[in-house]
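A.B. asks: Before anything else, here's the structure in question.
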Amino acid sequence: MVSITESAQEYLTELLEKQDCEGIAVRIFILDAGTPRAETCISFCRPGEEKDDDEVTEYKGFRGFIDKPSIPFLEDAVVDFTKDSMGGQLTIKAPNSRLPKISEDSPMEDRINYILYNEINPGLAAHGGNVSLEEIFEEDIAVLRFGGGCQGCGMVDVTLKDGVEKTLLEQVPQLKEVRDVTDHTVKENAYYQ
């Protein structure tokens, strides 16, 4: 799970003591886990702010709450503190934070993002384009937004229907429809005009 070095534990203990809050802890989680935008975070966790399904770890001087959905992405994660001339720096290295960990039981959003980031976007990148999931509507409709060379591209309908939609519907059987909410009147970066 998450390894917190001795120097980081000492630093975090000092920070927590300065908060003057009985029972304050830290919470570790990843925003946008399994995507290129993944960001590993550590925050104060006051009593009552933890979630029922958090994994609890006892460290020297404090408690750590690990966000359950983030656990697979925090494998081999290390929190460290290095002193420097400005005081020091707390770093969090989570080498698996951007790697999607999906299974049949994963939420539909995670499975769609996995396919977009790992199968579809690498092909679109050749034309300077990308596609992202905006939302899942009515539990079975994926709402997408195209960007870069795909926004305003004259071939976006072909890309959507014959590429993106076909791939998503084949691999995520619960999905019934794919919609595009991109404003394609903006053509400055379009690959095909």
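If you're wondering about the labels, chains in the structure tokens are A, B, ... by order shown, residues count from 1 in each chain, ligands from 1 in order shown.
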Residues of segment 31-123 of chain A that approach segment 166-183 of chain A to 9 Å or less, counting only C-alpha atoms: could you list each one with the shortest pair of atoms and its distance in Å to one decimal, rows by chain and increasing residue number, as a tab-separated table?
C.D. replies:
```
residue	atom	partner	partner_atom	distance
A:Met108	CA	A:Val172	CA	7.5
A:Arg111	CA	A:Val172	CA	7.4
A:Ile112	CA	A:Leu168	CA	6.9
A:Ile115	CA	A:Leu168	CA	7.3
A:Leu116	CA	A:Leu168	CA	8.4
A:Glu119	CA	A:Thr167	CA	8.9
A:Ile120	CA	A:Thr167	CA	8.3
```
A.B. asks: Tell me, counting only C-alpha atoms, for each residue of segment 18-109 of chain A within 12 Å of segment 3-8 of chain A, which pair of atoms is nearest and how far apart they are in Å to one decimal, in rows ordered by chain and increasing number, as CSV.
C.D. replies:
```
residue,atom,partner,partner_atom,distance
A:Val26,CA,A:Ile4,CA,11.6
A:Ile28,CA,A:Ile4,CA,11.0
A:Ile42,CA,A:Ile4,CA,11.4
A:Thr57,CA,A:Ser3,CA,10.3
A:Glu58,CA,A:Ile4,CA,10.8
A:Tyr59,CA,A:Ile4,CA,8.1
A:Lys60,CA,A:Glu6,CA,8.3
A:Gly61,CA,A:Glu6,CA,10.8
A:Phe62,CA,A:Ile4,CA,11.4
A:Arg63,CA,A:Ile4,CA,11.5
A:Gly64,CA,A:Ile4,CA,9.9
A:Ile66,CA,A:Ser3,CA,11.6
A:Leu74,CA,A:Ser3,CA,9.5
A:Glu75,CA,A:Ser3,CA,9.3
A:Asp76,CA,A:Ser3,CA,7.4
A:Ala77,CA,A:Ser3,CA,6.2
A:Val78,CA,A:Ser3,CA,4.7
A:Val79,CA,A:Ile4,CA,4.7
A:Asp80,CA,A:Ala8,CA,4.9
A:Phe81,CA,A:Ala8,CA,4.5
A:Thr82,CA,A:Ser7,CA,7.4
A:Lys83,CA,A:Ser7,CA,8.9
A:Gly88,CA,A:Ala8,CA,10.2
A:Gln89,CA,A:Ala8,CA,9.3
A:Leu90,CA,A:Ala8,CA,6.9
A:Thr91,CA,A:Ala8,CA,8.7
A:Ile92,CA,A:Ile4,CA,9.0
A:Lys93,CA,A:Ser3,CA,9.9
A:Ala94,CA,A:Ser3,CA,10.1
```
A.B. asks: Now that the selection is made, can you save its residues with C-alpha atoms as a PDB file, in the first residue's frame?
C.D. replies:
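selection-v3.pdb was written with the following content:
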```pdb
ATOM      1  CA  VAL A  26      -4.425  12.482   6.982  1.00  0.00           C
ATOM      2  CA  ILE A  28      -4.680   9.952   0.852  1.00  0.00           C
ATOM      3  CA  ILE A  42      -2.821  14.066   0.812  1.00  0.00           C
ATOM      4  CA  THR A  57      -3.425   2.644   8.564  1.00  0.00           C
ATOM      5  CA  GLU A  58      -1.637   3.516  11.797  1.00  0.00           C
ATOM      6  CA  TYR A  59       1.601   5.443  11.324  1.00  0.00           C
ATOM      7  CA  LYS A  60       3.989   6.742  13.970  1.00  0.00           C
ATOM      8  CA  GLY A  61       2.088   9.602  15.586  1.00  0.00           C
ATOM      9  CA  PHE A  62      -1.013   9.679  13.380  1.00  0.00           C
ATOM     10  CA  ARG A  63      -3.625   7.757  11.456  1.00  0.00           C
ATOM     11  CA  GLY A  64      -3.952   7.600   7.683  1.00  0.00           C
ATOM     12  CA  ILE A  66      -6.829   5.670   2.288  1.00  0.00           C
ATOM     13  CA  LEU A  74      -1.717   3.610  -4.802  1.00  0.00           C
ATOM     14  CA  GLU A  75       0.176   0.346  -5.127  1.00  0.00           C
ATOM     15  CA  ASP A  76       3.910   1.100  -4.626  1.00  0.00           C
ATOM     16  CA  ALA A  77       3.139   4.719  -3.626  1.00  0.00           C
ATOM     17  CA  VAL A  78       5.722   6.494  -1.454  1.00  0.00           C
ATOM     18  CA  VAL A  79       5.298   9.683   0.570  1.00  0.00           C
ATOM     19  CA  ASP A  80       8.638  11.271   1.449  1.00  0.00           C
ATOM     20  CA  PHE A  81       9.922  14.474   3.030  1.00  0.00           C
ATOM     21  CA  THR A  82      13.271  16.000   2.116  1.00  0.00           C
ATOM     22  CA  LYS A  83      14.712  18.947   4.010  1.00  0.00           C
ATOM     23  CA  GLY A  88      11.639  21.027   2.957  1.00  0.00           C
ATOM     24  CA  GLN A  89       9.372  19.361   0.484  1.00  0.00           C
ATOM     25  CA  LEU A  90       6.764  16.649   0.881  1.00  0.00           C
ATOM     26  CA  THR A  91       6.545  14.468  -2.224  1.00  0.00           C
ATOM     27  CA  ILE A  92       4.106  11.757  -3.185  1.00  0.00           C
ATOM     28  CA  LYS A  93       5.161   9.312  -5.856  1.00  0.00           C
ATOM     29  CA  ALA A  94       2.435   6.965  -7.082  1.00  0.00           C
TER      30      ALA A  94
END
```
A.B. asks: Please report the interatomic distance between atom CA of Lys51 of chain A and atom CA of Asn96 of chain A in Å with one decimal.
C.D. replies: 22.7 Å
A.B. asks: Please extract the residues of chain A with a backbone DSSP assignment of strand (DSSP E or B) and present them as a VMD selection string.
C.D. replies: chain A and resid 3 to 4 25 to 31 39 to 45 55 to 59 62 to 66 78 to 82 89 to 93 129 to 137 141 to 148 177 to 180
A.B. asks: For Asp32 of chain A, which residue out of A:Leu12, A:Leu133, A:Val2, A:Ala126 is the nearest one, using only C-alpha atoms?
C.D. replies: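 Between A:Leu12, A:Leu133, A:Val2, A:Ala126, the residue approaching Asp32 of chain A most closely is A:Leu133.
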A.B. asks: Expressed in Å to a single decimal, how great is the separation between atom CA of Thr35 of chain A and atom CA of Pro107 of chain A?
C.D. replies: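 It comes out at 14.2 Å.
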A.B. asks: Can you pull out every residue within 10 Å of Val131 of chain A, counting only C-alpha atoms, but drop anything in the same chain fewer than 3 positions away, and send it as a list in words?
C.D. replies: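 After dropping sequence-adjacent residues, the list is Asn113, Leu116, Tyr117, Ile120, Asn121, Leu124, Ala125, Glu134, Leu144, Arg145, Phe146, Gly147, Gly148, Cys150, Gln151, Leu160, Val164, Asp180 and Thr182 of chain A.
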A.B. asks: Work out how far atom CA of Arg98 of chain A is from atom CA of Asn189 of chain A, in Å to one decimal.
C.D. replies: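 Those two atoms sit 27.0 Å apart.
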A.B. asks: Do a neighbour search on Arg27 of chain A at 10 Å with only C-alpha atoms, toss out local chain neighbours closer than 2 positions, and write the hits as a list in words.
C.D. replies: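 The neighbour list is Ile24, Ala25, Phe29, Cys41, Ile42, Ser43, Phe44, Cys45, Arg46, Glu49, Glu50, Lys51, Asp54, Glu55, Val56, Arg63, Gly64, Phe65, Ile66 and Asp67 of chain A.
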A.B. asks: Report the residues of chain A whose backbone DSSP state falls under alpha helix (DSSP H), written as an NGL selection string.
C.D. replies: :A and (6-18 or 108-115 or 121-125 or 156-158 or 166-171)
A.B. asks: Would you mind exporting the chosen residues as a PDB file, in the first residue's frame, restricted to C-alpha atoms?
C.D. replies:
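Output below, filename part-v6.pdb:
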```pdb
ATOM      1  CA  GLU A   6      10.175   8.092   8.579  1.00  0.00           C
ATOM      2  CA  SER A   7      11.052  11.696   7.666  1.00  0.00           C
ATOM      3  CA  ALA A   8       7.590  12.173   6.121  1.00  0.00           C
ATOM      4  CA  GLN A   9       5.911  10.680   9.185  1.00  0.00           C
ATOM      5  CA  GLU A  10       7.806  13.110  11.429  1.00  0.00           C
ATOM      6  CA  TYR A  11       6.872  16.051   9.188  1.00  0.00           C
ATOM      7  CA  LEU A  12       3.203  15.052   9.005  1.00  0.00           C
ATOM      8  CA  THR A  13       3.053  14.525  12.776  1.00  0.00           C
ATOM      9  CA  GLU A  14       4.364  18.083  13.281  1.00  0.00           C
ATOM     10  CA  LEU A  15       1.836  19.475  10.793  1.00  0.00           C
ATOM     11  CA  LEU A  16      -1.040  17.630  12.429  1.00  0.00           C
ATOM     12  CA  GLU A  17      -0.047  18.835  15.913  1.00  0.00           C
ATOM     13  CA  LYS A  18      -0.144  22.447  14.682  1.00  0.00           C
ATOM     14  CA  MET A 108     -18.879   2.108 -16.383  1.00  0.00           C
ATOM     15  CA  GLU A 109     -17.130   5.497 -16.258  1.00  0.00           C
ATOM     16  CA  ASP A 110     -13.784   3.817 -15.450  1.00  0.00           C
ATOM     17  CA  ARG A 111     -14.185   1.286 -18.263  1.00  0.00           C
ATOM     18  CA  ILE A 112     -15.086   3.993 -20.792  1.00  0.00           C
ATOM     19  CA  ASN A 113     -12.136   6.172 -19.723  1.00  0.00           C
ATOM     20  CA  TYR A 114      -9.811   3.178 -20.003  1.00  0.00           C
ATOM     21  CA  ILE A 115     -10.902   2.562 -23.610  1.00  0.00           C
ATOM     22  CA  ASN A 121      -6.930   8.636 -28.040  1.00  0.00           C
ATOM     23  CA  PRO A 122      -3.597   7.201 -29.218  1.00  0.00           C
ATOM     24  CA  GLY A 123      -5.095   6.955 -32.737  1.00  0.00           C
ATOM     25  CA  LEU A 124      -6.653  10.407 -32.574  1.00  0.00           C
ATOM     26  CA  ALA A 125      -3.358  11.876 -31.360  1.00  0.00           C
ATOM     27  CA  VAL A 156     -15.659  13.820 -36.857  1.00  0.00           C
ATOM     28  CA  ASP A 157     -18.958  12.072 -37.607  1.00  0.00           C
ATOM     29  CA  VAL A 158     -17.087   9.161 -39.195  1.00  0.00           C
ATOM     30  CA  LYS A 166     -18.435   1.200 -32.345  1.00  0.00           C
ATOM     31  CA  THR A 167     -15.494   0.455 -30.029  1.00  0.00           C
ATOM     32  CA  LEU A 168     -17.307   1.597 -26.872  1.00  0.00           C
ATOM     33  CA  LEU A 169     -20.540  -0.296 -27.634  1.00  0.00           C
ATOM     34  CA  GLU A 170     -18.585  -3.504 -28.343  1.00  0.00           C
ATOM     35  CA  GLN A 171     -16.527  -3.319 -25.164  1.00  0.00           C
TER      36      GLN A 171
END
```
A.B. asks: Please provide as an MDAnalysis selection string all residues within 8 Å of Phe73 of chain A, with the sequence filter that same-chain residues fewer than 3 positions apart are discarded (counting only C-alpha atoms).
C.D. replies: chainID A and resid 30 33:34 70 94 96:101
A.B. asks: Considering only C-alpha atoms, can you say which of A:Gly152, A:Pro95, A:Gly163, A:Gly128 comes closest to Thr40 of chain A?
C.D. replies: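 Closest to Thr40 of chain A, using only C-alpha atoms: A:Pro95.
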A.B. asks: Ranking A:Ser132, A:Gln19, A:Ser106, A:Ser85 by minimum distance to Asn118 of chain A and counting only C-alpha atoms, which one comes first?
C.D. replies: A:Ser132
